[in-house]
Amino acid sequence: MSLNPYDLYDTRSLLSQEERAVHDTVARFTDERVLPIIGDAFDEGRFPRELIPEIAELGLLGSSLPEEYGGGGLNSVSYGLICQELERGDSGIRSFVSVQSSLCMYPIFAYGTQEQKQRWLPSMARGETIGCFGLTEPHGGSDPANMKTSAKKDGGDWVLNGSKMWITNGNLADIAIVWAQTDEGIQGFVVEKGMPGFAAQEIKHKMSLRASVTSGLFFDNVRVPDANRLPNVKGLKGPLGCLTQARYGITWGPIGAAIACLDEVLGYTKERILFGRPVAATQSAQLKMADMARRITMAQLLVVQLGRLKDAGTMAPTQVSLAKWNNCRMAIDIARQCRDLLGGAGITTEHCAIRHAMNLESVITYEGTETIHQLVVGRELTGINAF
Ligand code: TGC
Ligand code: FAD
């Protein structure tokens with residue numbers, strides 16, 4: 001019996017019928033709609049926003065939220081599979097969906113009022129209102145407790161001052177979930193495009209996530225009504241709770257990128273004849289590819305169990321940290337090694353390995369750098385905070 005090279009331990013057999021259907025649907029979307037355009041979009045430094053209506057139509061925005069708010073009511077494993085298949089296309093497409101679903105719709109759902117949920121969530125699920133999430137500031141994203149952006153109460157409004165950096169979807173967004181320091185601790189505000197004093201500026205010259213919009217956000221005495229404050233959380237646990245949702249999705253996404261790279265080199269090394277035999281017939285190429293399959297397999301088993309824990313309501317943030325660290329490291333190592341196996345051909349975006357490798361430089365950094373996640377695990381083991 002021959003095994004599936006991209007799923008050597010048949011993790012698909014661990015999925016329910018509904019989860020398999022989600023997997024197949026998103027895989028088809030990536031094959032038919034993302035892969036044909038993504039190399040050019042990356043070259044041009046362009047997020048393919050023409051895909052948004054289809055992404056929404058497929059129910060990929062807020063897929064885990066209840067149907068009454070436009071969500072799909074899907075479980076966490078299904079959300080993970082969505083992230084995996086989108087990132088098999090490109091990390092930028094998965095990023096768009098992660099930010100909209102986990103970092104913008106989730107906080108409105110978890111921390112917002114009934115009015116706020118009804119006002120924003122259904123149109124966000126339809127892809128008509130796009131969100132971004134502003135936590136990171138220019139002086140140091142790893143330490144968000146040291147936040148300088150402030151919100152001061154003034155009558156029935158709040159006045160925001162400060163700036164955010166490296167914000168995915170920033171210039172696309174109609175609303176920004178902005179975390180700001182108040183007299184009562186960190187609070188979240190929904191800042192709307194066009195509010196006087198609010199500006200977004202796209203960050204150019206990126207070598208990574210080129211098919212994604214990344215921006216700085218600036219707040220100069222922006223007056224935000226109290227009705228736009230998310231009232232049901234105060235403190236750093238508000239934004240960190242959102243990060244747990246998004247980081248969970250990112251544990252799945254890089255598996256897709258790694259599979260895309262392995263798929264590419266399995267084909268290429270069989271065709272490439274050097275020293276009278278295919279590169280795939282050499283021991284060193286086989287060792288490399290076997291090692292890739294080993295690491296992908298371990299990552300797949302890790303995320304299925306993580307998803308089951310999440311659906312059971314017992315997943316701990318430290319478990320997400322370990323998987324985010326492991327799976328980003330797995331994928332970036334594989335993408336770089338695949339680039340090497342492609343030789344010179346590996347340096348253009350005609351092949352996907354370098355695009356994924358460059359993208360994964362962001363993925364391993366955002367949502368908590370590799371070091372931050374290692375220190376979270378270290379703290380769990382030792383009980384000592386080494387940040
Ligand atoms: P600490 O002060 O101890 O805790 C504060 C409160 O938060 C709670 N908490 C969490 N809650 C939910 N999920 C988590 N992961 C949580 N971690 C902590 C904690 O229980 C406490 O609650 P309470 O009730 O006692 O007040 O904070 P800490 O020491 O745990 O945090 C330190 C550290 C370094 C881990 C944290 O600051 C951190 O994670 N830094 C990294 C920041 C980061 O990841 N930024 C990402 C920005 S968003 C982004 O990158 C989007 S990219 C998206 C895309 O394009 O796909
Ligand atoms: P820093 O925090 O300055 O870290 C610099 C280095 O110091 C890193 O190597 C880090 O690991 C290391 N370091 C930090 N603390 C320690 C320590 N205690 N011990 C040892 N080493 C340490 N943010 C958002 O809020 N919203 C978004 O939508 C968003 N999208 C992004 C999109 C892209 C493409 C990128 C690249 C970033 C995005 N970010 C976003 C920001 C991202 O979360 C931050 O870049 C990340 O958290 C790291 O922060 P920093 O860049 O300021 O690096």
# chains A, B, ... in the order shown; residues from 1 in each chain; ligands from 1
>>> residues_around(residues="A:Gly344", least_positions_apart="6", cutoff="12 Å", atoms="only C-alpha atoms", output="JSON list (two decimals) with all heavy atoms, in the first residue's frame")
[["chain", "number", "residue", "atom", "x", "y", "z"],
["A", 338, "CYS", "N", 14.10, 23.44, 0.54],
["A", 338, "CYS", "CA", 13.51, 23.22, -0.81],
["A", 338, "CYS", "C", 14.10, 24.23, -1.79],
["A", 338, "CYS", "O", 14.40, 23.90, -2.94],
["A", 338, "CYS", "CB", 12.00, 23.34, -0.75],
["A", 338, "CYS", "SG", 11.23, 21.92, 0.04],
["A", 350, "GLU", "N", 8.85, 31.88, -9.78],
["A", 350, "GLU", "CA", 8.24, 30.85, -10.62],
["A", 350, "GLU", "C", 8.05, 29.57, -9.82],
["A", 350, "GLU", "O", 7.14, 28.79, -10.06],
["A", 350, "GLU", "CB", 9.14, 30.59, -11.82],
["A", 350, "GLU", "CG", 8.39, 30.11, -13.03],
["A", 350, "GLU", "CD", 9.19, 30.37, -14.29],
["A", 350, "GLU", "OE1", 9.56, 31.54, -14.54],
["A", 350, "GLU", "OE2", 9.48, 29.41, -14.96],
["A", 351, "HIS", "N", 8.95, 29.35, -8.87],
["A", 351, "HIS", "CA", 8.78, 28.25, -7.92],
["A", 351, "HIS", "C", 8.34, 28.86, -6.58],
["A", 351, "HIS", "O", 8.68, 30.00, -6.28],
["A", 351, "HIS", "CB", 10.08, 27.47, -7.77],
["A", 351, "HIS", "CG", 10.45, 26.73, -9.02],
["A", 351, "HIS", "ND1", 11.28, 27.28, -9.98],
["A", 351, "HIS", "CD2", 10.09, 25.51, -9.47],
["A", 351, "HIS", "CE1", 11.40, 26.41, -10.97],
["A", 351, "HIS", "NE2", 10.70, 25.33, -10.70],
["A", 353, "ALA", "N", 9.02, 27.92, -3.40],
["A", 353, "ALA", "CA", 9.77, 27.75, -2.15],
["A", 353, "ALA", "C", 10.30, 29.08, -1.60],
["A", 353, "ALA", "O", 10.19, 29.35, -0.40],
["A", 353, "ALA", "CB", 10.92, 26.77, -2.36],
["A", 354, "ILE", "N", 10.85, 29.91, -2.48],
["A", 354, "ILE", "CA", 11.43, 31.15, -1.94],
["A", 354, "ILE", "C", 10.34, 32.10, -1.44],
["A", 354, "ILE", "O", 10.51, 32.79, -0.44],
["A", 354, "ILE", "CB", 12.38, 31.84, -2.94],
["A", 354, "ILE", "CG1", 13.24, 32.85, -2.17],
["A", 354, "ILE", "CG2", 11.63, 32.50, -4.10],
["A", 354, "ILE", "CD1", 14.51, 33.24, -2.86]]
>>> residues_near_ligand(ligand="ligand 1", cutoff="8 Å", atoms="only C-alpha atoms and all ligand atoms", output="ChimeraX atom specification")
/A:91-92,94-99,103,133-136,141-145,166-169,235-244,246,250,317-318,320-321,363,365-369,372-373,375-376,385,387
>>> residues_around(residues="A:Cys352", least_positions_apart="4", cutoff="9 Å", atoms="only C-alpha atoms", output="PyMOL selection string")
chain A and resi 39+257+260-261+264+335+339+346+348+356-357
>>> write_last_selection(atoms="C-alpha atoms", output="mmCIF file, in the first residue's frame")
data_model
loop_
_atom_site.group_PDB
_atom_site.id
_atom_site.type_symbol
_atom_site.label_atom_id
_atom_site.label_comp_id
_atom_site.auth_asym_id
_atom_site.auth_seq_id
_atom_site.Cartn_x
_atom_site.Cartn_y
_atom_site.Cartn_z
ATOM 1 C CA GLY A 39 3.249 34.452 -7.799
ATOM 2 C CA ALA A 257 3.316 26.162 3.161
ATOM 3 C CA ALA A 260 3.536 23.145 -1.030
ATOM 4 C CA CYS A 261 7.347 23.258 -0.901
ATOM 5 C CA GLU A 264 7.399 21.158 -5.549
ATOM 6 C CA ALA A 335 11.087 26.105 2.641
ATOM 7 C CA ARG A 339 14.899 26.452 -2.206
ATOM 8 C CA GLY A 346 14.766 28.286 -6.617
ATOM 9 C CA THR A 348 12.585 33.166 -8.636
ATOM 10 C CA HIS A 356 7.074 30.688 1.229
ATOM 11 C CA ALA A 357 10.515 31.012 2.850
#
>>> closest_residue(among="A:Tyr111, A:Ser212, A:Arg126, A:Arg119", to="A:Ser63", atoms="only C-alpha atoms")
A:Arg126
>>> residues_around(residues="A:Val213", least_positions_apart="3", cutoff="12 Å", atoms="only C-alpha atoms", output="ChimeraX atom specification")
/A:41-42,45-49,91-93,95-96,99,131-132,166-173,200-206,208-210,216
>>> write_last_selection(atoms="C-alpha atoms", output="mmCIF file, in the first residue's frame")
data_model
loop_
_atom_site.group_PDB
_atom_site.id
_atom_site.type_symbol
_atom_site.label_atom_id
_atom_site.label_comp_id
_atom_site.auth_asym_id
_atom_site.auth_seq_id
_atom_site.Cartn_x
_atom_site.Cartn_y
_atom_site.Cartn_z
ATOM 1 C CA ALA A 41 0.646 39.225 -6.832
ATOM 2 C CA PHE A 42 3.737 38.614 -4.667
ATOM 3 C CA GLY A 45 3.555 43.568 -3.954
ATOM 4 C CA ARG A 46 -0.221 43.412 -4.211
ATOM 5 C CA PHE A 47 -2.824 41.820 -1.949
ATOM 6 C CA PRO A 48 -5.355 40.152 -4.297
ATOM 7 C CA ARG A 49 -8.410 41.832 -2.840
ATOM 8 C CA SER A 91 0.784 33.193 4.039
ATOM 9 C CA GLY A 92 -0.662 36.564 3.002
ATOM 10 C CA ILE A 93 -4.051 35.069 2.178
ATOM 11 C CA SER A 95 -3.058 36.320 7.278
ATOM 12 C CA PHE A 96 -5.981 38.231 5.811
ATOM 13 C CA VAL A 99 -6.799 38.951 11.155
ATOM 14 C CA GLY A 131 -10.827 44.916 10.037
ATOM 15 C CA CYS A 132 -7.295 45.287 11.307
ATOM 16 C CA TRP A 166 3.246 46.485 11.300
ATOM 17 C CA ILE A 167 -0.508 46.245 11.087
ATOM 18 C CA THR A 168 -1.872 43.639 8.650
ATOM 19 C CA ASN A 169 -4.787 44.947 6.534
ATOM 20 C CA GLY A 170 -4.121 48.483 7.867
ATOM 21 C CA ASN A 171 -4.790 50.339 4.602
ATOM 22 C CA LEU A 172 -7.542 47.953 3.547
ATOM 23 C CA ALA A 173 -9.494 48.220 6.746
ATOM 24 C CA ALA A 200 -2.955 54.563 7.988
ATOM 25 C CA GLN A 201 0.253 54.469 5.998
ATOM 26 C CA GLU A 202 1.274 51.410 4.019
ATOM 27 C CA ILE A 203 4.738 49.960 4.684
ATOM 28 C CA LYS A 204 6.611 49.486 1.406
ATOM 29 C CA HIS A 205 9.828 47.667 0.431
ATOM 30 C CA LYS A 206 8.829 44.440 2.195
ATOM 31 C CA SER A 208 8.139 39.140 3.010
ATOM 32 C CA LEU A 209 4.330 38.891 2.892
ATOM 33 C CA ARG A 210 4.367 40.924 -0.287
ATOM 34 C CA GLY A 216 1.439 51.920 10.377
#
>>> closest_residue(among="A:Gln84, A:Ser163, A:Thr182, A:Gln245", to="A:Ser215", atoms="only C-alpha atoms")
A:Ser163
>>> select_by_dssp(residues="stretch 48-265 of chain A", states="strand (DSSP E)", output="VMD selection string")
chain A and resid 131 to 134 150 to 154 157 to 168 175 to 182 185 to 192 198 to 202 214 to 225 229 to 230
>>> closest_residue(among="A:Trp158, A:Tyr268, A:Tyr106, A:Tyr79", to="A:Arg20", atoms="only C-alpha atoms")
A:Tyr79
>>> residues_around(residues="stretch 298-304 of chain A", least_positions_apart="2", cutoff="12 Å", atoms="only C-alpha atoms", output="PyMOL selection string")
chain A and resi 6-16+19+75-81+83-84+247-256+258-259+291-296+306-311+315+319-331
>>> atom_distance(atom1="atom CA of A:Leu160", atom2="atom CA of A:Glu128")
25.7 Å
>>> select_by_dssp(residues="stretch 71-210 of chain A", states="helix (DSSP H, G or I)", output="number ranges by chain")
A: 76-89, 91-111, 114-125
>>> closest_residue(among="A:Gly70, A:Pro5, A:Gly59, A:Gly140", to="ligand 2", atoms="only C-alpha atoms and all ligand atoms")
A:Gly140
